[in-house]
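Asker: This is start.csv (CSV, C-alpha atoms and all ligand atoms).
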```csv
chain,number,residue,atom,x,y,z
A,1,MET,CA,41.9,-17.5,7.7
A,2,LYS,CA,38.7,-16.5,9.5
A,3,VAL,CA,35.6,-15.4,7.7
A,4,PRO,CA,32.9,-13.9,10.0
A,5,PHE,CA,29.3,-14.0,8.9
A,6,ASN,CA,29.2,-10.1,9.0
A,7,ASP,CA,31.5,-7.3,10.1
A,8,LEU,CA,29.7,-4.2,11.2
A,9,THR,CA,32.9,-2.6,12.5
A,10,TRP,CA,33.9,-2.1,8.9
A,11,GLN,CA,30.8,0.1,8.3
A,12,TRP,CA,31.5,2.0,11.6
A,13,ARG,CA,35.0,3.0,10.4
A,14,HIS,CA,33.4,4.6,7.4
A,15,ILE,CA,30.9,6.8,9.3
A,16,GLU,CA,32.6,7.2,12.7
A,17,GLU,CA,33.7,10.8,12.3
A,18,GLY,CA,30.5,12.3,11.0
A,19,VAL,CA,28.4,10.3,13.4
A,20,ARG,CA,30.4,11.4,16.5
A,21,SER,CA,30.0,15.0,15.7
A,22,ASP,CA,26.3,14.7,15.0
A,23,PHE,CA,25.8,12.7,18.2
A,24,ASP,CA,27.1,15.8,19.9
A,25,ARG,CA,24.4,17.8,18.3
A,26,VAL,CA,21.7,15.4,19.4
A,27,PHE,CA,22.9,15.5,23.0
A,28,ALA,CA,23.4,19.3,22.9
A,29,SER,CA,19.8,19.7,21.8
A,30,SER,CA,18.3,16.8,23.7
A,31,GLN,CA,16.3,15.8,20.7
A,32,PHE,CA,16.4,12.1,21.5
A,33,SER,CA,12.9,10.9,20.6
A,34,SER,CA,11.4,12.0,17.2
A,35,GLY,CA,12.3,15.6,16.5
A,36,PRO,CA,14.4,17.3,13.9
A,37,PHE,CA,17.0,14.5,13.3
A,38,VAL,CA,14.3,11.9,12.7
A,39,GLU,CA,12.4,14.4,10.4
A,40,ALA,CA,15.6,15.1,8.4
A,41,PHE,CA,16.2,11.4,7.9
A,42,GLU,CA,12.6,10.8,6.9
A,43,ARG,CA,13.0,13.5,4.1
A,44,GLN,CA,16.4,12.1,3.0
A,45,ILE,CA,15.2,8.5,2.7
A,46,ALA,CA,11.9,9.4,1.1
A,47,GLU,CA,13.8,11.1,-1.7
A,48,TRP,CA,16.3,8.2,-1.9
A,49,LEU,CA,13.5,5.7,-2.2
A,50,GLY,CA,11.4,7.9,-4.5
A,51,VAL,CA,8.3,7.9,-2.2
A,52,PRO,CA,6.1,10.7,-1.0
A,53,HIS,CA,6.0,9.7,2.7
A,54,ALA,CA,8.5,7.9,5.0
A,55,ILE,CA,7.5,7.4,8.6
A,56,GLY,CA,10.3,6.4,11.0
A,57,VAL,CA,9.5,3.9,13.8
A,58,ASN,CA,11.3,1.9,16.3
A,59,SER,CA,11.6,-1.4,14.4
A,60,GLY,CA,10.6,-3.3,11.3
A,61,THR,CA,8.1,-5.3,13.4
A,62,SER,CA,6.4,-2.1,14.6
A,63,ALA,CA,6.3,-0.9,11.0
A,64,LEU,CA,4.4,-4.0,9.9
A,65,HIS,CA,2.0,-3.7,12.8
A,66,LEU,CA,1.1,-0.1,12.1
A,67,ALA,CA,1.0,-0.6,8.3
A,68,LEU,CA,-1.6,-3.4,8.7
A,69,LEU,CA,-3.6,-1.3,11.2
A,70,SER,CA,-3.6,1.7,9.0
A,71,ALA,CA,-4.6,-0.4,5.9
A,72,GLY,CA,-7.7,-1.3,7.9
A,73,VAL,CA,-6.9,-4.9,8.8
A,74,ARG,CA,-9.0,-5.9,11.8
A,75,SER,CA,-9.4,-8.7,14.3
A,76,GLY,CA,-10.7,-11.8,12.5
A,77,ASP,CA,-9.5,-10.7,9.1
A,78,GLU,CA,-7.2,-13.1,7.2
A,79,VAL,CA,-3.9,-12.0,5.9
A,80,LEU,CA,-1.8,-14.0,3.4
A,81,LEU,CA,1.9,-14.3,3.8
A,82,PRO,CA,4.7,-16.7,2.9
A,83,ALA,CA,5.4,-19.6,5.2
A,84,HIS,CA,9.1,-19.3,4.6
A,85,THR,CA,10.2,-16.0,6.2
A,86,PHE,CA,11.4,-14.4,9.4
A,87,ILE,CA,8.9,-14.6,12.3
A,88,GLY,CA,8.8,-10.8,12.3
A,89,SER,CA,6.7,-10.9,9.1
A,90,ALA,CA,3.9,-12.4,11.1
A,91,TRP,CA,3.7,-10.7,14.5
A,92,GLY,CA,1.9,-7.6,13.3
A,93,ILE,CA,-0.9,-9.7,12.0
A,94,LEU,CA,-1.2,-11.5,15.4
A,95,TYR,CA,-1.0,-8.2,17.4
A,96,ILE,CA,-4.1,-7.1,15.6
A,97,GLY,CA,-6.0,-10.3,16.3
A,98,ALA,CA,-6.0,-11.0,12.5
A,99,ILE,CA,-5.4,-14.5,11.2
A,100,PRO,CA,-2.1,-15.3,9.3
A,101,VAL,CA,-2.7,-17.6,6.4
A,102,PHE,CA,0.6,-19.2,5.3
A,103,CYS,CA,1.3,-19.8,1.6
A,104,ASP,CA,4.0,-22.0,0.2
A,105,VAL,CA,6.7,-20.3,-1.7
A,106,ASP,CA,8.2,-20.3,-5.1
A,107,ASP,CA,11.0,-22.9,-5.4
A,108,GLU,CA,13.4,-20.7,-7.3
A,109,THR,CA,13.3,-17.6,-5.2
A,110,GLY,CA,11.7,-18.6,-1.8
A,111,THR,CA,9.2,-15.7,-2.2
A,112,ILE,CA,5.4,-16.1,-2.0
A,113,ASP,CA,3.8,-18.3,-4.6
A,114,VAL,CA,0.8,-16.3,-5.8
A,115,GLU,CA,-0.9,-19.4,-7.4
A,116,VAL,CA,-0.9,-20.9,-3.9
A,117,ALA,CA,-2.2,-17.7,-2.4
A,118,ARG,CA,-5.1,-17.6,-4.9
A,119,ARG,CA,-6.3,-21.0,-3.7
A,120,LEU,CA,-6.3,-19.7,0.0
A,121,VAL,CA,-8.5,-16.7,-0.5
A,122,THR,CA,-11.8,-16.6,1.4
A,123,PRO,CA,-14.4,-13.9,1.9
A,124,ARG,CA,-12.4,-12.8,5.1
A,125,THR,CA,-9.1,-12.2,3.3
A,126,ARG,CA,-8.2,-8.5,3.6
A,127,ALA,CA,-4.5,-8.2,2.8
A,128,VAL,CA,-1.4,-9.9,1.4
A,129,VAL,CA,2.2,-9.4,2.8
A,130,PRO,CA,4.8,-10.3,0.1
A,131,VAL,CA,8.3,-10.6,1.6
A,132,HIS,CA,11.2,-9.6,-0.5
A,133,LEU,CA,13.3,-12.4,1.0
A,134,TYR,CA,17.1,-12.2,1.1
A,135,GLY,CA,16.9,-8.9,-0.8
A,136,GLN,CA,15.2,-10.3,-3.9
A,137,PRO,CA,11.8,-8.8,-4.8
A,138,ALA,CA,8.8,-11.1,-4.7
A,139,ASN,CA,7.0,-11.3,-8.1
A,140,MET,CA,5.2,-8.0,-7.7
A,141,ASP,CA,3.4,-8.1,-11.1
A,142,ALA,CA,1.7,-11.3,-9.9
A,143,VAL,CA,1.1,-10.0,-6.4
A,144,LEU,CA,-0.5,-6.7,-7.6
A,145,SER,CA,-2.8,-8.3,-10.2
A,146,PHE,CA,-3.8,-10.9,-7.6
A,147,ALA,CA,-4.6,-8.2,-5.1
A,148,LEU,CA,-6.6,-6.3,-7.7
A,149,ASP,CA,-8.7,-9.4,-8.5
A,150,TYR,CA,-9.7,-9.9,-4.8
A,151,ASP,CA,-9.6,-6.3,-3.6
A,152,LEU,CA,-6.8,-7.0,-1.1
A,153,LYS,CA,-4.4,-4.5,0.4
A,154,VAL,CA,-0.7,-5.1,-0.4
A,155,ILE,CA,1.7,-4.5,2.5
A,156,GLU,CA,5.2,-5.2,1.5
A,157,ASP,CA,7.7,-6.7,3.9
A,158,ALA,CA,10.7,-4.9,2.5
A,159,ALA,CA,12.7,-5.5,5.8
A,160,GLN,CA,15.5,-7.1,3.8
A,161,SER,CA,15.3,-5.4,0.5
A,162,ILE,CA,16.3,-1.7,0.7
A,163,GLY,CA,18.1,-1.0,-2.5
A,164,ALA,CA,16.3,-3.7,-4.5
A,165,THR,CA,13.8,-2.5,-7.2
A,166,TRP,CA,11.0,-3.9,-9.2
A,167,ASN,CA,10.6,-2.4,-12.7
A,168,GLY,CA,12.7,0.5,-11.6
A,169,ARG,CA,10.7,1.3,-8.4
A,170,SER,CA,12.0,0.8,-4.9
A,171,THR,CA,10.6,-2.3,-3.2
A,172,GLY,CA,8.2,-1.1,-0.5
A,173,SER,CA,6.7,1.5,-2.8
A,174,LEU,CA,4.7,-0.8,-5.0
A,175,GLY,CA,1.8,-1.8,-2.6
A,176,GLU,CA,-0.3,0.4,-0.4
A,177,LEU,CA,2.4,0.4,2.3
A,178,GLY,CA,5.9,-0.9,2.6
A,179,CYS,CA,7.9,-1.8,5.7
A,180,ILE,CA,11.7,-1.6,6.1
A,181,SER,CA,13.9,-2.7,9.0
A,182,PHE,CA,17.1,-1.0,10.2
A,183,TYR,CA,18.1,-3.8,12.5
A,184,PRO,CA,21.9,-3.6,12.7
A,185,GLY,CA,22.5,-6.6,10.4
A,186,LYS,CA,20.3,-5.4,7.7
A,187,ASN,CA,21.8,-3.7,4.6
A,188,LEU,CA,21.1,-0.3,6.1
A,189,GLY,CA,21.5,-1.0,9.8
A,190,ALA,CA,21.1,1.3,12.8
A,191,ALA,CA,23.2,1.1,16.0
A,192,GLY,CA,20.2,-0.5,17.7
A,193,GLU,CA,16.5,-0.8,16.7
A,194,ALA,CA,14.7,1.2,14.0
A,195,GLY,CA,12.3,0.8,11.1
A,196,LEU,CA,10.3,2.7,8.5
A,197,ILE,CA,7.0,2.7,6.8
A,198,VAL,CA,6.6,4.1,3.3
A,199,THR,CA,3.4,5.0,1.4
A,200,SER,CA,2.2,7.4,-1.2
A,201,ASP,CA,-1.2,7.9,0.5
A,202,ASP,CA,-1.5,11.1,2.5
A,203,ARG,CA,-4.2,9.6,4.7
A,204,TYR,CA,-2.2,6.6,5.7
A,205,ALA,CA,0.8,8.8,6.4
A,206,GLY,CA,-1.1,11.1,8.7
A,207,ARG,CA,-2.7,8.2,10.6
A,208,LEU,CA,0.7,6.5,10.9
A,209,ARG,CA,2.4,9.6,12.3
A,210,SER,CA,-0.3,9.7,14.9
A,211,LEU,CA,-0.4,6.0,15.8
A,212,ARG,CA,3.3,5.7,16.4
A,213,ASN,CA,3.1,8.6,18.8
A,214,HIS,CA,0.4,7.5,21.2
A,215,ALA,CA,-2.3,8.2,18.6
A,216,GLN,CA,-1.9,11.9,19.5
A,217,THR,CA,-3.9,14.0,17.0
A,218,ASP,CA,-3.6,17.3,18.9
A,219,ARG,CA,-1.6,18.0,22.0
A,220,TYR,CA,-3.0,15.9,24.9
A,221,VAL,CA,-5.7,14.5,22.6
A,222,HIS,CA,-5.5,10.8,21.7
A,223,ALA,CA,-8.0,9.7,19.1
A,224,GLU,CA,-7.7,5.9,19.3
A,225,LEU,CA,-5.5,3.1,20.7
A,226,GLY,CA,-2.0,4.4,20.2
A,227,PHE,CA,1.5,3.0,20.5
A,228,ASN,CA,5.0,4.3,21.5
A,229,TYR,CA,6.7,3.3,18.3
A,230,ARG,CA,8.8,6.5,17.8
A,231,MET,CA,12.3,6.5,16.2
A,232,ASP,CA,15.3,7.7,18.2
A,233,GLY,CA,17.3,10.8,17.2
A,234,LEU,CA,20.6,8.9,17.6
A,235,GLN,CA,19.4,6.2,15.3
A,236,ALA,CA,18.3,8.7,12.7
A,237,VAL,CA,21.8,10.2,12.8
A,238,VAL,CA,23.5,6.9,12.2
A,239,LEU,CA,21.2,6.1,9.3
A,240,THR,CA,21.6,9.6,7.8
A,241,HIS,CA,25.4,9.0,7.6
A,242,LYS,CA,25.0,5.5,6.2
A,243,LEU,CA,22.4,6.2,3.5
A,244,PRO,CA,24.7,8.1,1.1
A,245,LEU,CA,27.0,5.0,1.1
A,246,LEU,CA,24.3,2.4,0.6
A,247,SER,CA,24.4,2.4,-3.3
A,248,ALA,CA,28.1,1.7,-3.3
A,249,TRP,CA,27.6,-0.9,-0.5
A,250,THR,CA,24.9,-2.6,-2.5
A,251,LYS,CA,27.2,-2.6,-5.6
A,252,ARG,CA,29.9,-4.4,-3.6
A,253,ARG,CA,27.4,-6.9,-2.3
A,254,THR,CA,26.3,-7.6,-5.9
A,255,GLU,CA,29.9,-8.0,-7.0
A,256,LEU,CA,30.5,-10.5,-4.2
A,257,ALA,CA,27.3,-12.4,-5.1
A,258,ASN,CA,28.3,-12.6,-8.8
A,259,GLN,CA,31.7,-13.9,-7.8
A,260,TYR,CA,30.1,-16.6,-5.7
A,261,ILE,CA,27.7,-17.5,-8.5
A,262,ALA,CA,30.5,-17.8,-11.1
A,263,LYS,CA,32.9,-19.7,-8.8
A,264,LEU,CA,30.4,-22.1,-7.2
A,265,GLU,CA,29.2,-23.3,-10.6
A,266,GLY,CA,29.6,-27.0,-11.2
A,267,LEU,CA,29.5,-27.9,-7.5
A,268,PRO,CA,26.6,-30.1,-6.4
A,269,LEU,CA,24.6,-27.3,-4.6
A,270,GLU,CA,21.9,-25.0,-5.7
A,271,ILE,CA,23.0,-21.4,-6.1
A,272,PRO,CA,20.5,-18.5,-5.8
A,273,SER,CA,18.6,-17.7,-9.0
A,274,VAL,CA,18.2,-14.1,-9.9
A,275,ARG,CA,15.2,-12.7,-11.8
A,276,HIS,CA,15.6,-9.7,-14.0
A,277,GLN,CA,14.7,-7.3,-11.2
A,278,THR,CA,17.5,-6.0,-9.0
A,279,HIS,CA,18.5,-7.9,-6.0
A,280,CYS,CA,20.2,-6.2,-3.1
A,281,TRP,CA,21.8,-9.4,-1.7
A,282,HIS,CA,21.0,-9.1,1.9
A,283,LEU,CA,21.8,-12.8,2.1
A,284,PHE,CA,23.4,-15.3,-0.2
A,285,VAL,CA,21.6,-18.6,0.4
A,286,VAL,CA,22.6,-21.9,-1.3
A,287,ARG,CA,20.7,-25.1,-1.0
A,288,THR,CA,22.0,-28.6,-0.5
A,289,PRO,CA,20.7,-31.8,1.2
A,290,SER,CA,24.0,-32.0,3.1
A,291,ARG,CA,23.5,-28.6,4.6
A,292,ASN,CA,24.3,-29.5,8.2
A,293,LEU,CA,27.5,-31.4,7.2
A,294,LEU,CA,28.6,-28.5,5.0
A,295,ARG,CA,27.9,-26.0,7.8
A,296,ASP,CA,30.1,-28.1,10.2
A,297,ALA,CA,32.9,-28.3,7.7
A,298,LEU,CA,32.9,-24.6,7.1
A,299,SER,CA,32.8,-23.9,10.8
A,300,LYS,CA,35.8,-26.1,11.4
A,301,SER,CA,37.7,-24.1,8.8
A,302,GLY,CA,36.9,-20.8,10.5
A,303,ILE,CA,33.9,-19.8,8.3
A,304,GLU,CA,30.7,-18.6,9.9
A,305,THR,CA,27.4,-19.3,8.2
A,306,GLY,CA,23.8,-18.6,9.0
A,307,LEU,CA,20.4,-20.3,8.7
A,308,HIS,CA,17.6,-18.2,7.3
A,309,TYR,CA,15.3,-19.8,8.4
A,310,PRO,CA,15.4,-23.3,9.7
A,311,VAL,CA,11.9,-23.3,11.2
A,312,PRO,CA,9.2,-22.0,8.8
A,313,LEU,CA,6.2,-20.3,10.2
A,314,HIS,CA,3.9,-23.3,9.8
A,315,ARG,CA,6.2,-25.2,12.1
A,316,GLN,CA,6.5,-22.5,14.8
A,317,PRO,CA,4.9,-23.3,18.1
A,318,ALA,CA,3.5,-19.7,18.4
A,319,MET,CA,1.7,-20.2,15.0
A,320,SER,CA,0.3,-23.7,15.6
A,321,ALA,CA,-3.3,-22.4,16.1
A,322,TYR,CA,-3.2,-20.9,12.5
A,323,VAL,CA,-2.1,-24.0,10.6
A,324,LYS,CA,-4.9,-25.7,8.8
A,325,PRO,CA,-4.6,-29.5,9.3
A,326,GLY,CA,-3.5,-31.3,6.2
A,327,THR,CA,-1.9,-28.3,4.6
A,328,ALA,CA,1.5,-29.2,3.2
A,329,TYR,CA,4.4,-26.8,2.6
A,330,PRO,CA,6.9,-28.9,0.7
A,331,VAL,CA,8.8,-26.0,-0.9
A,332,SER,CA,9.1,-24.0,2.3
A,333,ASP,CA,10.2,-27.1,4.1
A,334,ARG,CA,12.9,-27.7,1.6
A,335,TRP,CA,14.2,-24.1,1.9
A,336,ALA,CA,14.2,-24.5,5.7
A,337,ASP,CA,16.0,-27.9,5.7
A,338,GLU,CA,18.5,-27.2,2.9
A,339,GLY,CA,19.2,-23.5,2.9
A,340,LEU,CA,22.6,-22.2,4.1
A,341,SER,CA,23.6,-18.6,4.2
A,342,LEU,CA,27.2,-18.0,3.2
A,343,PRO,CA,29.1,-15.0,4.4
A,344,LEU,CA,28.4,-11.9,2.3
A,345,PHE,CA,28.9,-8.5,3.7
A,346,VAL,CA,30.2,-5.1,2.6
A,347,GLY,CA,33.9,-5.1,3.7
A,348,MET,CA,34.3,-8.8,2.8
A,349,THR,CA,37.5,-9.3,0.7
A,350,ASP,CA,37.9,-11.2,-2.5
A,351,GLU,CA,40.4,-13.4,-0.7
A,352,GLN,CA,37.8,-14.3,2.0
A,353,LEU,CA,35.3,-15.2,-0.7
A,354,ASP,CA,37.8,-17.4,-2.5
A,355,TYR,CA,38.6,-19.1,0.8
A,356,VAL,CA,34.9,-19.9,1.3
A,357,VAL,CA,34.6,-21.2,-2.3
A,358,LYS,CA,37.7,-23.3,-1.9
A,359,THR,CA,36.5,-24.8,1.4
A,360,VAL,CA,33.1,-25.6,-0.1
A,361,ALA,CA,34.8,-27.3,-3.1
A,362,THR,CA,37.0,-29.3,-0.8
A,363,PHE,CA,34.0,-30.5,1.2
A,364,TYR,CA,32.4,-31.9,-2.0
A,365,ARG,CA,35.7,-33.6,-3.0
B,1,LIG,C1,14.2,-8.1,10.1
B,1,LIG,C2,12.9,-8.5,9.6
B,1,LIG,C3,11.7,-8.1,10.1
B,1,LIG,C4,11.6,-7.4,11.5
B,1,LIG,O1,12.4,-6.2,11.6
B,1,LIG,P1,12.9,-5.8,13.0
B,1,LIG,O2,13.5,-4.4,12.7
B,1,LIG,O3,13.9,-6.8,13.4
B,1,LIG,O4,11.8,-5.7,13.9
B,1,LIG,C5,10.5,-8.5,9.5
B,1,LIG,N1,10.6,-9.2,8.4
B,1,LIG,C6,11.7,-9.7,7.8
B,1,LIG,C7,11.6,-10.5,6.6
B,1,LIG,C8,12.9,-9.3,8.4
B,1,LIG,O5,14.1,-9.8,7.9
```
Let me see whether you can do it: turn the structure in this file into structure tokens.
Ligand SMILES: *Cc1c(COP(=O)(O)O)cnc(C)c1O

Answerer:
Amino acid sequence: MKVPFNDLTWQWRHIEEGVRSDFDRVFASSQFSSGPFVEAFERQIAEWLGVPHAIGVNSGTSALHLALLSAGVRSGDEVLLPAHTFIGSAWGILYIGAIPVFCDVDDETGTIDVEVARRLVTPRTRAVVPVHLYGQPANMDAVLSFALDYDLKVIEDAAQSIGATWNGRSTGSLGELGCISFYPGKNLGAAGEAGLIVTSDDRYAGRLRSLRNHAQTDRYVHAELGFNYRMDGLQAVVLTHKLPLLSAWTKRRTELANQYIAKLEGLPLEIPSVRHQTHCWHLFVVRTPSRNLLRDALSKSGIETGLHYPVPLHRQPAMSAYVKPGTAYPVSDRWADEGLSLPLFVGMTDEQLDYVVKTVATFYR
């Protein structure tokens, strides 16, 4: 048996008909960049997430860049974020000339450890970027009360967490601004690059709509440094057809995750722990000191796995200027060294999951 890490063709089969006929409408109207298809998707997803404003952009990375800019983060400001995350969590901070301040993470969930963040606050700290890693919300009660104490803006990196909630609210809608990625492999994936910023603040929303479109405030008038970060009409169509299926897809991911948790129990590896808030299971990451050997054994049995992420931000060459000498990140280091992402995708069969579990069990025997 072969178990891929993901299978996006399964999703395509479920939307193919509708997408093809709507692609015809995009070509017939030539509304390729921004325009009515993007606006329709923005309204649809704003309602789905329960947010007043959803602003489509061309990637999750662009979303984070513009969210930080519109929140007023400037060159020289410090921004707190977890050390254990995808590199895309950090680029927007660097694009602005602000300073990323890496925080070690919580051992159980791999999300930002707010007690660590508290110790790293200085008079230059402006914002905090919690990352809802693997689809599990960071502890937003702790993040929000911390931000209140120090008057920090909260920009959520919800790139992996569409469908996950905190106290009944969509992740991304709890801070000033939230950023979502529609990279193809994300839970809601485009057929290429796309992203979204959500906010409940009218002023942020207005500025974001201008910034993504060359900072155009009136026709031919550009108020400030702008960007070409617009969303494509074709991507909006793909997302419009996938969004109504996302709740069912998240339910299936949750079923698969719960099967893994039940069936892997008793084996000498750490299975993900789930807090009471809903998790959308973007990734299913186990931890074991024999990660590399287990990965090889699975690979030899036809099972693809992933590493998310083997090099934490404080060990990235591009970030070396921002690492304070003598700062240790023991928890992030362990996630990076021991984490292994098992296959979990909508369209995965129970038989495939049982085969993965059996192969893991055989490895430990
Ligand atoms: C995917 C991702 C991003 C970046 O999104 P892109 O759409 O790939 O630019 C940022 N942060 C995290 C945690 C991600 O997983």

Asker: What is the atom CA of A:Leu353 to atom CA of A:Ala248 distance in Å?

Answerer: 18.6 Å

Asker: Could I get the residue neighbourhood of ligand LIG 1 (chain B) at 9 Å, counting only C-alpha atoms and all ligand atoms, as a ChimeraX atom specification?

Answerer: /A:58-64,85-91,131-134,157-161,179-186,193-196

Asker: One number please: atom CA of A:Arg124 to atom CA of A:Gly72, in Å, one decimal.

Answerer: 12.7 Å

Asker: Could you tell me which of A:Glu115, A:Glu39, A:Asp218, A:Asp7 comes closest to A:Pro343 if we count all atoms listed in the file?

Answerer: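 Among A:Glu115, A:Glu39, A:Asp218, A:Asp7, it is A:Asp7 that comes nearest to A:Pro343.
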
Asker: Residues within 12 Å of A:Arg119, please, as a PyMOL selection string. Count all atoms listed in the file; anything in the same chain fewer than 2 positions from it doesn't count.

Answerer: chain A and resi 80+101-104+113-117+121-122+125+146+150+327

Asker: Can you tell me, as a PyMOL selection string, what residues are no more than 10 Å from A:Thr165 when counting all atoms listed in the file, ignoring any on the same chain fewer than 3 positions away?

Answerer: chain A and resi 49+135-137+161-162+168-174+277-280

Asker: Using atom CA of A:Gly178 and atom CA of A:Ser70 as the two end points, give the distance in Å to one decimal.

Answerer: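 These atoms are spaced 11.7 Å apart.
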
Asker: Using all atoms listed in the file, which residue out of A:Gly110, A:Pro317, A:Gly97, A:Gly306 lies closest to A:Val79?

Answerer: A:Gly97

Asker: Find, counting all atoms listed in the file, the residue in A:Phe345, A:Trp281, A:Phe41, A:Tyr204 that gets nearest to A:Phe5.

Answerer: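 Among the listed residues, the smallest separation from A:Phe5 belongs to A:Phe345.
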